[in-house]
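coords26.txt follows; it contains compact mmCIF, C-alpha atoms and all ligand atoms.
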# COMPACT_ATOMS: atom_id res chain seq x y z
CA MET I 286 -32.88 -30.16 -93.63
CA LYS I 287 -34.01 -31.64 -90.32
CA ILE I 288 -32.36 -34.77 -88.96
CA SER I 289 -33.82 -36.68 -86.03
CA PHE I 290 -31.87 -39.05 -83.82
CA ILE I 291 -33.60 -41.80 -81.83
CA GLY I 292 -30.96 -42.60 -79.22
CA ALA I 293 -28.44 -40.20 -77.75
CA GLY I 294 -25.53 -42.43 -76.77
CA SER I 295 -21.91 -42.68 -77.92
CA MET I 296 -22.69 -43.43 -81.56
CA ALA I 297 -25.31 -40.70 -81.87
CA GLU I 298 -22.89 -38.23 -80.29
CA ALA I 299 -20.04 -39.28 -82.59
CA MET I 300 -22.28 -38.65 -85.60
CA ILE I 301 -23.68 -35.38 -84.25
CA SER I 302 -20.16 -34.16 -83.49
CA GLY I 303 -18.96 -35.04 -87.02
CA LEU I 304 -21.99 -33.40 -88.67
CA VAL I 305 -21.85 -30.21 -86.63
CA ASN I 306 -18.08 -29.78 -86.62
CA LYS I 307 -17.91 -30.27 -90.39
CA ASN I 308 -20.74 -27.75 -90.83
CA VAL I 309 -22.87 -30.19 -92.81
CA VAL I 310 -25.84 -29.07 -90.79
CA LYS I 311 -26.25 -26.61 -87.96
CA GLY I 312 -26.79 -28.03 -84.49
CA GLU I 313 -30.31 -26.62 -84.43
CA GLN I 314 -31.22 -28.74 -87.48
CA ILE I 315 -30.50 -31.87 -85.46
CA HIS I 316 -33.26 -33.10 -83.13
CA VAL I 317 -32.51 -35.76 -80.56
CA THR I 318 -34.45 -37.98 -78.20
CA ASN I 319 -33.48 -40.82 -75.90
CA ARG I 320 -35.29 -43.16 -73.57
CA SER I 321 -35.40 -40.95 -70.46
CA GLU I 322 -32.03 -39.48 -69.44
CA ASN I 323 -32.79 -35.79 -69.65
CA THR I 324 -29.33 -34.85 -68.34
CA ARG I 325 -27.77 -36.52 -71.37
CA LEU I 326 -30.02 -34.53 -73.71
CA HIS I 327 -29.12 -31.37 -71.80
CA PHE I 328 -25.42 -32.16 -72.29
CA LEU I 329 -25.85 -32.62 -76.06
CA ARG I 330 -27.90 -29.44 -76.28
CA GLN I 331 -25.19 -27.46 -74.50
CA LYS I 332 -22.30 -28.99 -76.41
CA TYR I 333 -23.63 -29.09 -79.99
CA GLY I 334 -26.61 -26.73 -79.98
CA VAL I 335 -28.96 -29.56 -81.00
CA GLN I 336 -32.66 -29.51 -80.17
CA THR I 337 -34.01 -32.17 -77.86
CA THR I 338 -37.49 -33.42 -77.07
CA TYR I 339 -39.56 -36.31 -75.77
CA ASN I 340 -42.48 -35.24 -77.96
CA LEU I 341 -42.28 -37.62 -80.92
CA GLN I 342 -44.75 -35.66 -83.00
CA GLU I 343 -42.49 -32.64 -82.71
CA LEU I 344 -39.39 -34.77 -83.34
CA PHE I 345 -40.73 -36.18 -86.59
CA HIS I 346 -42.47 -33.08 -87.93
CA GLN I 347 -40.82 -32.28 -91.30
CA SER I 348 -37.91 -34.56 -90.51
CA LYS I 349 -36.31 -35.76 -93.76
CA ILE I 350 -33.98 -38.23 -92.10
CA VAL I 351 -34.39 -40.35 -88.99
CA ILE I 352 -31.29 -41.96 -87.56
CA LEU I 353 -31.87 -44.99 -85.33
CA ALA I 354 -29.08 -45.23 -82.77
CA VAL I 355 -30.40 -47.40 -79.95
CA LYS I 356 -28.90 -50.67 -78.71
CA PRO I 357 -30.11 -53.83 -80.49
CA LYS I 358 -32.06 -54.94 -77.39
CA ASP I 359 -34.03 -51.66 -77.45
CA ALA I 360 -34.70 -51.64 -81.21
CA ASP I 361 -38.05 -53.40 -81.02
CA GLU I 362 -39.48 -51.02 -78.44
CA ALA I 363 -38.02 -47.89 -80.07
CA LEU I 364 -39.29 -48.86 -83.54
CA LEU I 365 -42.78 -49.62 -82.28
CA LYS I 366 -42.81 -46.30 -80.48
CA VAL I 367 -41.80 -44.26 -83.55
CA SER I 368 -43.68 -46.21 -86.22
CA PRO I 369 -46.89 -44.10 -86.09
CA TYR I 370 -44.86 -40.97 -86.93
CA ILE I 371 -42.88 -42.28 -89.91
CA GLN I 372 -43.94 -40.82 -93.27
CA ARG I 373 -43.50 -42.67 -96.57
CA ASP I 374 -40.80 -40.25 -97.70
CA THR I 375 -38.82 -40.31 -94.45
CA LEU I 376 -35.37 -41.79 -94.98
CA ILE I 377 -34.52 -44.14 -92.12
CA ILE I 378 -30.84 -44.69 -91.42
CA SER I 379 -30.20 -47.39 -88.81
CA VAL I 380 -26.79 -47.82 -87.19
CA ILE I 381 -28.10 -50.55 -84.89
CA ALA I 382 -25.72 -53.51 -84.96
CA GLY I 383 -27.24 -56.85 -85.85
CA VAL I 384 -30.77 -55.66 -86.60
CA SER I 385 -31.62 -56.46 -90.20
CA ILE I 386 -33.42 -54.25 -92.69
CA SER I 387 -36.23 -56.82 -92.90
CA THR I 388 -36.70 -56.70 -89.11
CA ILE I 389 -36.98 -52.91 -89.25
CA GLU I 390 -39.42 -53.20 -92.18
CA ASN I 391 -41.51 -55.78 -90.34
CA ILE I 392 -41.77 -53.69 -87.19
CA LEU I 393 -42.43 -50.37 -88.95
CA ASN I 394 -44.87 -52.07 -91.30
CA ILE I 395 -44.75 -49.26 -93.87
CA HIS I 396 -42.93 -49.01 -97.19
CA VAL I 397 -40.13 -46.56 -96.45
CA PRO I 398 -36.57 -46.17 -97.67
CA ILE I 399 -34.23 -47.78 -95.14
CA ILE I 400 -30.46 -47.62 -95.12
CA ARG I 401 -28.61 -49.81 -92.66
CA ALA I 402 -25.23 -48.31 -91.85
CA MET I 403 -22.31 -49.55 -89.81
CA PRO I 404 -20.09 -46.62 -88.86
CA ASN I 405 -17.61 -46.45 -86.00
CA THR I 406 -16.97 -43.90 -83.28
CA SER I 407 -14.23 -42.16 -85.27
CA ALA I 408 -17.25 -40.45 -86.86
CA ALA I 409 -16.71 -37.87 -84.11
CA ILE I 410 -13.66 -36.54 -85.97
CA GLY I 411 -14.91 -37.25 -89.50
CA GLN I 412 -12.85 -40.46 -89.76
CA SER I 413 -15.43 -43.24 -89.62
CA ALA I 414 -15.17 -46.25 -91.89
CA THR I 415 -18.85 -46.72 -92.72
CA ALA I 416 -20.51 -49.41 -94.81
CA ILE I 417 -24.13 -49.09 -95.89
CA ALA I 418 -26.79 -51.39 -97.34
CA LYS I 419 -30.23 -50.40 -98.59
CA ASN I 420 -33.74 -51.74 -99.04
CA ALA I 421 -35.86 -51.76 -102.18
CA PHE I 422 -37.45 -48.37 -101.49
CA VAL I 423 -34.16 -46.49 -101.48
CA GLN I 424 -33.87 -44.37 -104.62
CA ASP I 425 -30.83 -42.54 -105.95
CA CYS I 426 -31.92 -39.34 -104.23
CA HIS I 427 -32.00 -41.13 -100.84
CA LEU I 428 -28.58 -42.65 -101.45
CA GLU I 429 -27.18 -39.27 -102.39
CA LEU I 430 -28.65 -37.77 -99.24
CA ALA I 431 -27.27 -40.55 -97.06
CA GLU I 432 -23.85 -40.39 -98.70
CA ALA I 433 -23.71 -36.61 -98.31
CA LEU I 434 -24.51 -37.02 -94.64
CA LEU I 435 -22.27 -39.97 -93.97
CA SER I 436 -19.33 -38.59 -95.96
CA ALA I 437 -19.22 -35.83 -93.34
CA ILE I 438 -18.38 -38.42 -90.72
CA GLY I 439 -15.84 -40.33 -92.81
CA MET I 440 -15.56 -42.75 -95.70
CA THR I 441 -18.65 -44.62 -96.92
CA MET I 442 -18.92 -47.81 -98.95
CA ILE I 443 -22.02 -49.57 -100.24
CA VAL I 444 -22.16 -53.32 -99.54
CA GLU I 445 -24.66 -56.17 -99.68
CA GLU I 446 -26.52 -56.35 -96.38
CA GLU I 447 -25.14 -59.86 -95.70
CA LYS I 448 -21.65 -58.31 -95.43
CA LEU I 449 -22.64 -56.00 -92.57
CA ASP I 450 -22.00 -58.59 -89.84
CA ALA I 451 -18.41 -58.87 -91.02
CA VAL I 452 -18.12 -55.09 -91.33
CA THR I 453 -19.38 -54.78 -87.75
CA GLY I 454 -16.79 -57.29 -86.50
CA LEU I 455 -13.96 -55.65 -88.44
CA SER I 456 -14.45 -51.89 -88.53
CA GLY I 457 -17.54 -51.20 -86.39
CA SER I 458 -15.79 -52.65 -83.36
CA GLY I 459 -12.35 -51.99 -84.88
CA PRO I 460 -11.45 -48.83 -82.96
CA ALA I 461 -11.81 -50.79 -79.71
CA TYR I 462 -9.20 -53.34 -80.82
CA ILE I 463 -6.76 -50.53 -81.58
CA TYR I 464 -7.49 -48.83 -78.22
CA TYR I 465 -6.87 -52.20 -76.52
CA ILE I 466 -3.41 -52.34 -78.08
CA VAL I 467 -2.78 -48.72 -77.10
CA GLU I 468 -3.78 -49.53 -73.50
CA ALA I 469 -1.09 -52.22 -73.51
CA MET I 470 1.46 -49.79 -75.00
CA GLU I 471 0.59 -47.21 -72.34
CA ASN I 472 0.87 -49.76 -69.54
CA SER I 473 4.25 -50.89 -70.81
CA ALA I 474 5.50 -47.30 -71.00
CA GLN I 475 5.38 -47.05 -67.20
CA GLU I 476 7.35 -50.24 -66.79
CA ILE I 477 10.05 -49.25 -69.30
CA GLY I 478 10.48 -45.85 -67.70
CA LEU I 479 8.70 -43.36 -70.01
CA GLU I 480 6.41 -40.72 -68.54
CA SER I 481 2.83 -41.15 -69.65
CA GLU I 482 2.58 -37.82 -71.46
CA LEU I 483 5.69 -38.45 -73.55
CA ALA I 484 4.59 -42.06 -74.18
CA LYS I 485 1.14 -40.95 -75.31
CA LYS I 486 2.60 -38.55 -77.88
CA LEU I 487 4.94 -41.23 -79.19
CA ILE I 488 2.16 -43.83 -79.36
CA VAL I 489 -0.34 -41.58 -81.14
CA GLN I 490 2.21 -40.42 -83.73
CA THR I 491 3.31 -44.02 -84.25
CA LEU I 492 -0.32 -44.99 -84.98
CA LEU I 493 -0.86 -42.01 -87.28
CA GLY I 494 2.39 -42.77 -89.10
CA ALA I 495 1.60 -46.46 -89.50
CA ALA I 496 -1.93 -45.65 -90.74
CA GLY I 497 -0.45 -43.12 -93.18
CA MET I 498 2.04 -45.71 -94.47
CA LEU I 499 -0.75 -48.25 -94.97
CA ASN I 500 -2.79 -45.60 -96.77
CA HIS I 501 -0.12 -44.07 -98.96
CA SER I 502 2.42 -46.79 -99.74
CA ASN I 503 1.51 -49.67 -102.00
CA GLU I 504 3.11 -52.17 -99.65
CA LYS I 505 1.14 -54.82 -97.80
CA ALA I 506 1.07 -54.62 -93.98
CA GLU I 507 3.27 -57.70 -93.87
CA ASN I 508 6.01 -56.04 -95.94
CA LEU I 509 5.80 -52.85 -93.91
CA ARG I 510 6.24 -54.97 -90.77
CA ILE I 511 9.22 -56.80 -92.30
CA ALA I 512 10.81 -53.43 -93.15
CA VAL I 513 10.74 -52.48 -89.45
CA THR I 514 12.16 -55.80 -88.34
CA SER I 515 15.96 -55.81 -88.52
CA PRO I 516 17.52 -59.28 -88.19
CA GLY I 517 18.65 -59.78 -84.61
CA GLY I 518 17.09 -56.45 -83.64
CA THR I 519 14.51 -55.17 -81.21
CA THR I 520 11.33 -55.65 -83.27
CA GLU I 521 12.21 -59.27 -83.96
CA ALA I 522 12.69 -59.84 -80.23
CA GLY I 523 9.34 -58.21 -79.47
CA ILE I 524 7.36 -59.95 -82.19
CA ARG I 525 8.78 -63.31 -81.12
CA VAL I 526 6.91 -62.78 -77.84
CA LEU I 527 3.68 -61.94 -79.71
CA ASP I 528 4.08 -65.10 -81.81
CA ARG I 529 4.75 -67.20 -78.72
CA HIS I 530 1.43 -65.97 -77.31
CA ASN I 531 -0.39 -66.52 -80.62
CA VAL I 532 -1.48 -62.88 -80.67
CA LYS I 533 -2.23 -62.90 -84.40
CA ASP I 534 -4.54 -65.91 -83.98
CA ALA I 535 -6.15 -64.23 -80.98
CA LEU I 536 -6.90 -61.12 -83.04
CA ILE I 537 -8.27 -63.20 -85.91
CA ASN I 538 -10.51 -65.07 -83.46
CA CYS I 539 -11.55 -61.78 -81.88
CA ILE I 540 -12.79 -60.39 -85.21
CA LYS I 541 -14.50 -63.70 -86.10
CA GLU I 542 -16.22 -63.77 -82.70
CA ALA I 543 -17.42 -60.17 -83.03
CA THR I 544 -18.78 -61.04 -86.50
CA LEU I 545 -20.52 -64.11 -85.08
CA GLN I 546 -22.00 -62.00 -82.30
CA SER I 547 -23.46 -59.65 -84.91
CA LYS I 548 -25.03 -62.69 -86.62
CA ARG I 549 -26.32 -63.97 -83.25
CA LEU I 550 -27.88 -60.57 -82.54
CA SER I 551 -29.55 -60.67 -85.97
CA THR I 552 -31.12 -64.01 -85.10
CA GLN I 553 -32.01 -62.98 -81.57
CA TYR I 554 -33.70 -59.74 -82.64
CA HIS I 555 -35.19 -61.04 -85.89
CA ARG I 556 -38.85 -60.12 -86.27
N1 LIG Y 601 -20.56 -47.42 -80.05
C1 LIG Y 601 -20.07 -47.81 -81.22
O1 LIG Y 601 -18.85 -47.85 -81.45
C2 LIG Y 601 -20.99 -48.24 -82.32
C3 LIG Y 601 -22.31 -48.47 -82.07
N2 LIG Y 601 -23.13 -48.87 -83.09
C4 LIG Y 601 -24.52 -49.14 -82.80
O2 LIG Y 601 -25.13 -47.94 -82.42
C5 LIG Y 601 -26.18 -48.21 -81.53
C6 LIG Y 601 -26.05 -47.32 -80.33
O3 LIG Y 601 -24.85 -47.63 -79.67
P1 LIG Y 601 -24.26 -46.70 -78.53
O4 LIG Y 601 -24.46 -45.28 -78.91
O5 LIG Y 601 -22.93 -47.19 -78.23
O6 LIG Y 601 -25.29 -47.06 -77.34
P2 LIG Y 601 -25.63 -46.22 -76.05
O7 LIG Y 601 -26.09 -47.19 -75.01
O8 LIG Y 601 -24.53 -45.30 -75.72
O9 LIG Y 601 -26.91 -45.33 -76.50
C7 LIG Y 601 -28.15 -45.87 -76.76
C8 LIG Y 601 -29.18 -44.75 -76.71
O10 LIG Y 601 -30.47 -45.27 -77.07
C9 LIG Y 601 -31.44 -44.68 -76.20
N3 LIG Y 601 -32.65 -45.50 -76.19
C10 LIG Y 601 -32.83 -46.75 -75.71
N4 LIG Y 601 -34.11 -47.13 -75.85
C11 LIG Y 601 -34.76 -46.10 -76.43
C12 LIG Y 601 -36.11 -45.89 -76.82
N5 LIG Y 601 -37.03 -46.84 -76.64
N6 LIG Y 601 -36.43 -44.72 -77.39
C13 LIG Y 601 -35.48 -43.74 -77.57
N7 LIG Y 601 -34.19 -43.89 -77.21
C14 LIG Y 601 -33.84 -45.05 -76.64
C15 LIG Y 601 -30.74 -44.60 -74.87
O11 LIG Y 601 -31.43 -43.69 -74.01
C16 LIG Y 601 -29.37 -44.11 -75.33
O12 LIG Y 601 -29.40 -42.70 -75.50
C17 LIG Y 601 -26.11 -49.69 -81.15
O13 LIG Y 601 -27.10 -50.39 -81.83
C18 LIG Y 601 -24.76 -50.10 -81.63
O14 LIG Y 601 -24.78 -51.42 -82.09
C19 LIG Y 601 -22.71 -48.98 -84.37
C20 LIG Y 601 -21.40 -48.72 -84.68
C21 LIG Y 601 -20.43 -48.39 -83.67
O1 LIG Y 602 -20.17 -53.29 -79.57
C1 LIG Y 602 -21.16 -53.11 -80.28
O2 LIG Y 602 -22.11 -53.90 -80.25
C2 LIG Y 602 -21.22 -51.93 -81.20
C3 LIG Y 602 -21.33 -52.33 -82.64
C4 LIG Y 602 -20.02 -51.99 -83.26
C5 LIG Y 602 -19.32 -51.25 -82.22
N1 LIG Y 602 -20.00 -51.19 -81.13

Would you mind giving the structure from this file in structure tokens?
Amino acid sequence: MKISFIGAGSMAEAMISGLVNKNVVKGEQIHVTNRSENTRLHFLRQKYGVQTTYNLQELFHQSKIVILAVKPKDADEALLKVSPYIQRDTLIISVIAGVSISTIENILNIHVPIIRAMPNTSAAIGQSATAIAKNAFVQDCHLELAEALLSAIGMTMIVEEEKLDAVTGLSGSGPAYIYYIVEAMENSAQEIGLESELAKKLIVQTLLGAAGMLNHSNEKAENLRIAVTSPGGTTEAGIRVLDRHNVKDALINCIKEATLQSKRLSTQYHR
């Protein structure tokens, strides 16, 4: 099976890394192109053994799956460029945020199966939370193919396309919110007198443990938080500061704003 990537940035690399490291396909079965940065293609070739080219005919020849991984602003140009090479039985998987299936259909102007997916960068270690939506030309065999591929980079769920803006705001961007919190934890470590290496280990295990608790216990996050918070204790003192700064509201607004931005992009790039 040959898989072609249009776009060779962070998301493409996360997916390539997940696919190759989980042995779903060999590196040489993956073909990659980007706009013009040959050094980036060279890097991916060296690291994952993928094939790279700027010859689109070669890229698409016998390619069963084409993964679109360019930025929303470049979608129009990239789709126009590749449209002459798309065959009716090519499965298109787009991870482009905020570009609707109908926009892709309108630009490609050919009846092809299209799956719009919203993964996140944890795909690199097989831990993406991915939601997918499909167009009318997607048959069971295409869905099976997409799920087999995407399950190698994490968990996949099928949703209505209208939910993908919210998915983008919540879990597509989600890793960044967590890293933002970790940055704050790392910064504080210095000030409270913990060396960065020790702090990093403690932080990462704390995240893994909390994620494991959320995954394996039947308790809601709120109850798990309450269980940590002894009356008159340290957590209570810390969380009081978060509440004073309305951090929960800020996070809620952050996710709503990211969702809105996905909707704005959909309008901006609608064709
Ligand atoms: N980075 C992330 O966490 C996630 C990103 N996405 C989506 O994935 C897409 C890619 O994001 P990143 O990898 O972060 O972007 P990036 O900027 O790292 O990579 C974009 C790639 O597209 C290539 N490109 C641009 N125009 C092109 C053209 N006309 N023909 C061929 N290649 C072209 C660039 O050369 C570059 O390799 C975006 O649409 C983003 O919304 C989706 C989920 C998560
Ligand atoms: O920031 C972005 O636009 C992309 C989509 C989800 C994560 N990164």

- If you count all atoms listed in the file, which residues fall within 9 Å of I:Glu446, apart from same-chain ones fewer than 6 positions away, as a list in words?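 Skipping anything fewer than 6 positions along the chain leaves Ser385, Ile386, Arg401, Ile417, Ala418, Lys419 and Asn420 of chain I.
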
- Name the residues in contact with I:Ile350 at a cut-off of 7 Å, using all atoms listed in the file, excluding same-chain residues fewer than 4 positions from it; report them as a list of chain:residue names.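 Near neighbours after the sequence-gap exclusion: I:Lys287, I:Ile288, I:Ser289, I:Thr375, I:Leu376, I:Ile377.
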
- Item | Environment of ligand LIG 602 (chain Y) within 6 Å, counting all atoms listed in the file, reported as number ranges by chain | I: 382, 453, 457-458

- Task: Residues within 7 Å of ligand LIG 601 (chain Y) should be enumerated using only C-alpha atoms and all ligand atoms and returned as number ranges by chain.
- Result: I: 291-297, 318-322, 354-357, 359, 362-363, 366, 380-382, 403-406, 457-458

- Rounded to one decimal in Å, what is the spacing between atom CA of I:Ile389 and atom CA of I:Ser551? 11.2 Å

Stretch 484-493 of chain I surroundings by all atoms listed in the file, 10 Å radius, close-in-sequence under 3 positions cut, as a PDB file with C-alpha atoms, in the coordinates of the input:
ATOM      1  CA  ILE I 463      -6.760 -50.530 -81.580  1.00  0.00           C
ATOM      2  CA  VAL I 467      -2.780 -48.720 -77.100  1.00  0.00           C
ATOM      3  CA  MET I 470       1.460 -49.790 -75.000  1.00  0.00           C
ATOM      4  CA  GLU I 471       0.590 -47.210 -72.340  1.00  0.00           C
ATOM      5  CA  ASN I 472       0.870 -49.760 -69.540  1.00  0.00           C
ATOM      6  CA  SER I 473       4.250 -50.890 -70.810  1.00  0.00           C
ATOM      7  CA  ALA I 474       5.500 -47.300 -71.000  1.00  0.00           C
ATOM      8  CA  GLN I 475       5.380 -47.050 -67.200  1.00  0.00           C
ATOM      9  CA  GLY I 478      10.480 -45.850 -67.700  1.00  0.00           C
ATOM     10  CA  LEU I 479       8.700 -43.360 -70.010  1.00  0.00           C
ATOM     11  CA  GLU I 480       6.410 -40.720 -68.540  1.00  0.00           C
ATOM     12  CA  SER I 481       2.830 -41.150 -69.650  1.00  0.00           C
ATOM     13  CA  ALA I 496      -1.930 -45.650 -90.740  1.00  0.00           C
ATOM     14  CA  GLY I 497      -0.450 -43.120 -93.180  1.00  0.00           C
ATOM     15  CA  MET I 498       2.040 -45.710 -94.470  1.00  0.00           C
ATOM     16  CA  LEU I 499      -0.750 -48.250 -94.970  1.00  0.00           C
TER      17      LEU I 499
END
